[in-house]
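*Asks:* Mind looking over this structure? Questions follow.
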Amino acid sequence: DAGVIQSPRHEVTEMGQEVTLRCKPISGHDYLFWYRQTMMRGLELLIYFNNNVPIDDSGMPEDRFSAKMPNASFSTLKIQPSEPRDSAVYFCASSLVGEQFFGPGTRLTVL
Amino acid sequence: AQSVTQLDSHVSVSEGTPVLLRCNYSSSYSPSLFWYVQHPNKGLQLLLKYTSAATLVKGINGFEAEFKKSETSFHLTKPSAHMSDAAEYFCVVSEGYIPTFGRGTSLIVHP
């Protein structure tokens, strides 16, 4: 297996634009997590899914953020409109029995 | 409820000397415990995990950790630090499939 795949690896956009981050989990994993990492706040859990169903989105900062998992092999995290304070590295992780496997991350810069 | 505390935000050692990264946890049940490592501009990689088997757990790159229930600790150690060990280390507790991450400890290795 190729591991967790995230795209794009880097994204630079202007304030107000829509940003979509993509994740392909490891095949067979039934949990998928989205995290955000910044120097100021460290690693934050935004939302997680179990069997494609969102379970807890209490970490999503505000309504500008949304996440979907239309099937077991794909998830998106969307920010609309984006703001400079959204600049961070966004990680996707998947798991089956507790151990999480992380993707390489998407480095988002909002100008 | 589960929580995890990494007692040091930064640890500085000289190459060839022992490494100790401290982690205390709180859990209502018998938790699983993990250590992850994150090298600069990389994703998180699993170092080792404890899942109620042997209390002394060996991981990759010469790291090990000991689960001490009486002290609610899961400290990470390595006998001899290498320059390549310089990274951010995260202690994680999980009562089920949902983990809680510590704030991280930055390991600095001096030549």
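Labeling convention for the structure tokens: chains A, B, ... as they appear, residues from 1 per chain, ligands from 1 in order of appearance.
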If we count only C-alpha atoms and set the cut-off at 12 Å, which residues sit around Ala65 (chain B), ignoring sequence neighbours fewer than 4 positions away in its own chain? Please answer as a list in words.
*Replies:* Val19, Leu20, Leu21, Arg22, Cys23, Leu33, Phe34, Trp35, Tyr36, Leu47, Leu48, Lys49, Tyr50, Ala54, Thr55, Leu56, Val57, Lys58, Gly59, Ile60, Ser73, Phe74, His75, Leu76, Thr77, Lys78, Pro79 and Cys91 of chain B
*Asks:* For chain A against chain B, which residues fall within 10 Å using only C-alpha atoms, given as a ChimeraX atom specification?
*Replies:* /A:31,33,41-45,48,50,89-93,95-107
*Asks:* Run DSSP on the backbone and tell me which residues of region 33-72 of chain A come out as strand (DSSP E or B); list them as a list in words.
*Replies:* Phe33, Trp34, Tyr35, Arg36, Gln37, Thr38, Gly42, Leu43, Glu44, Leu45, Leu46, Ile47, Tyr48, Phe49, Asn50, Val53, Pro54, Ile55, Asp56, Phe65, Ser66, Ala67, Lys68, Met69, Pro70 and Asn71 of chain A
*Asks:* When you draw a straight line from CA of Leu21 (chain A) to CA of Arg64 (chain A), how long is it in Å?
*Replies:*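 Here the two named atoms are 13.6 Å from each other.
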*Asks:* What is the CA of Tyr89 (chain B) to CA of Ser9 (chain B) distance in Å?
*Replies:*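 We find that CA of Tyr89 (chain B) and CA of Ser9 (chain B) lie 9.7 Å from each other.
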*Asks:* Give the answer as one residue: which of A:Ser94, A:Ser82, A:Tyr35, A:Cys23 has the shortest atom-to-atom distance to Pro70 (chain A), using only C-alpha atoms?
*Replies:*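 Distance minimum relative to Pro70 (chain A) lands on A:Cys23.
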*Asks:* Mind the document's chain letters and residue numbers, and return as a list in words the residues of region 18-99 of chain B that DSSP labels helix (DSSP H, G or I).
*Replies:*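 Taking region 18-99 of chain B and keeping helix (DSSP H, G or I) only, one gets Ile60, Asn61, Gly62, Met83, Ser84 and Asp85 of chain B.
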*Asks:* Produce a file of the selected residues containing N, CA and C atoms, as an mmCIF file, in the first residue's frame.
*Replies:*
```
data_model
loop_
_atom_site.group_PDB
_atom_site.id
_atom_site.type_symbol
_atom_site.label_atom_id
_atom_site.label_comp_id
_atom_site.auth_asym_id
_atom_site.auth_seq_id
_atom_site.Cartn_x
_atom_site.Cartn_y
_atom_site.Cartn_z
ATOM 1 N N ILE B 60 11.418 1.681 16.712
ATOM 2 C CA ILE B 60 12.416 1.814 15.655
ATOM 3 C C ILE B 60 13.545 2.736 16.093
ATOM 4 N N ASN B 61 14.667 2.632 15.405
ATOM 5 C CA ASN B 61 15.830 3.515 15.612
ATOM 6 C C ASN B 61 16.372 3.487 17.037
ATOM 7 N N GLY B 62 16.210 2.384 17.736
ATOM 8 C CA GLY B 62 16.797 2.222 19.062
ATOM 9 C C GLY B 62 16.012 2.835 20.205
ATOM 10 N N MET B 83 22.575 12.519 15.683
ATOM 11 C CA MET B 83 22.150 13.803 15.111
ATOM 12 C C MET B 83 20.810 13.648 14.389
ATOM 13 N N SER B 84 20.607 12.498 13.769
ATOM 14 C CA SER B 84 19.379 12.277 13.005
ATOM 15 C C SER B 84 18.140 12.138 13.889
ATOM 16 N N ASP B 85 18.331 12.055 15.211
ATOM 17 C CA ASP B 85 17.186 11.967 16.121
ATOM 18 C C ASP B 85 16.544 13.327 16.386
#
```
*Asks:* Would you mind reading off the distance between CA of Val13 (chain B) and CA of Phe67 (chain B), one decimal, in Å?
*Replies:*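 So the two atoms, CA of Val13 (chain B) and CA of Phe67 (chain B), lie 23.2 Å apart.
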*Asks:* Extract, using only C-alpha atoms, all DNA, RNA and protein residues at most 12 Å from Pro61 (chain A), discarding same-chain residues fewer than 5 positions from it, and format them as JSON, numbers by chain.
*Replies:* {"A": [35, 36, 44, 45, 46, 47, 66, 67, 79, 85, 86]}
*Asks:* Identify which of the residues A:Ile5, A:Val110, A:Ile26, A:Leu32 lies closest to Gln80 (chain A), counting only C-alpha atoms when measuring atom-to-atom distances.
*Replies:*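 Result for the nearest residue to Gln80 (chain A): A:Val110.
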*Asks:* Pick out the residues sitting within 7 Å of Gly16 (chain B), and hand them over as an MDAnalysis selection string; count only C-alpha atoms, and ignore anything fewer than 5 positions along from it in its own chain.
*Replies:* chainID B and resid 80:82
*Asks:* Would you pick out the contacts of Pro81 (chain A) at 6 Å or less, using only C-alpha atoms, so that residues sharing its chain but fewer than 2 positions from it are not included, and give the list as a list of chain:residue names?
*Replies:* A:Gly16, A:Gln17, A:Glu18, A:Ile79
*Asks:* Here is a test: counting only C-alpha atoms, which residue of A:Thr109, A:Ala72, A:Ala88, A:Gln37 is nearest to Glu11 (chain A)?
*Replies:*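 Nearest to Glu11 (chain A): A:Thr109.
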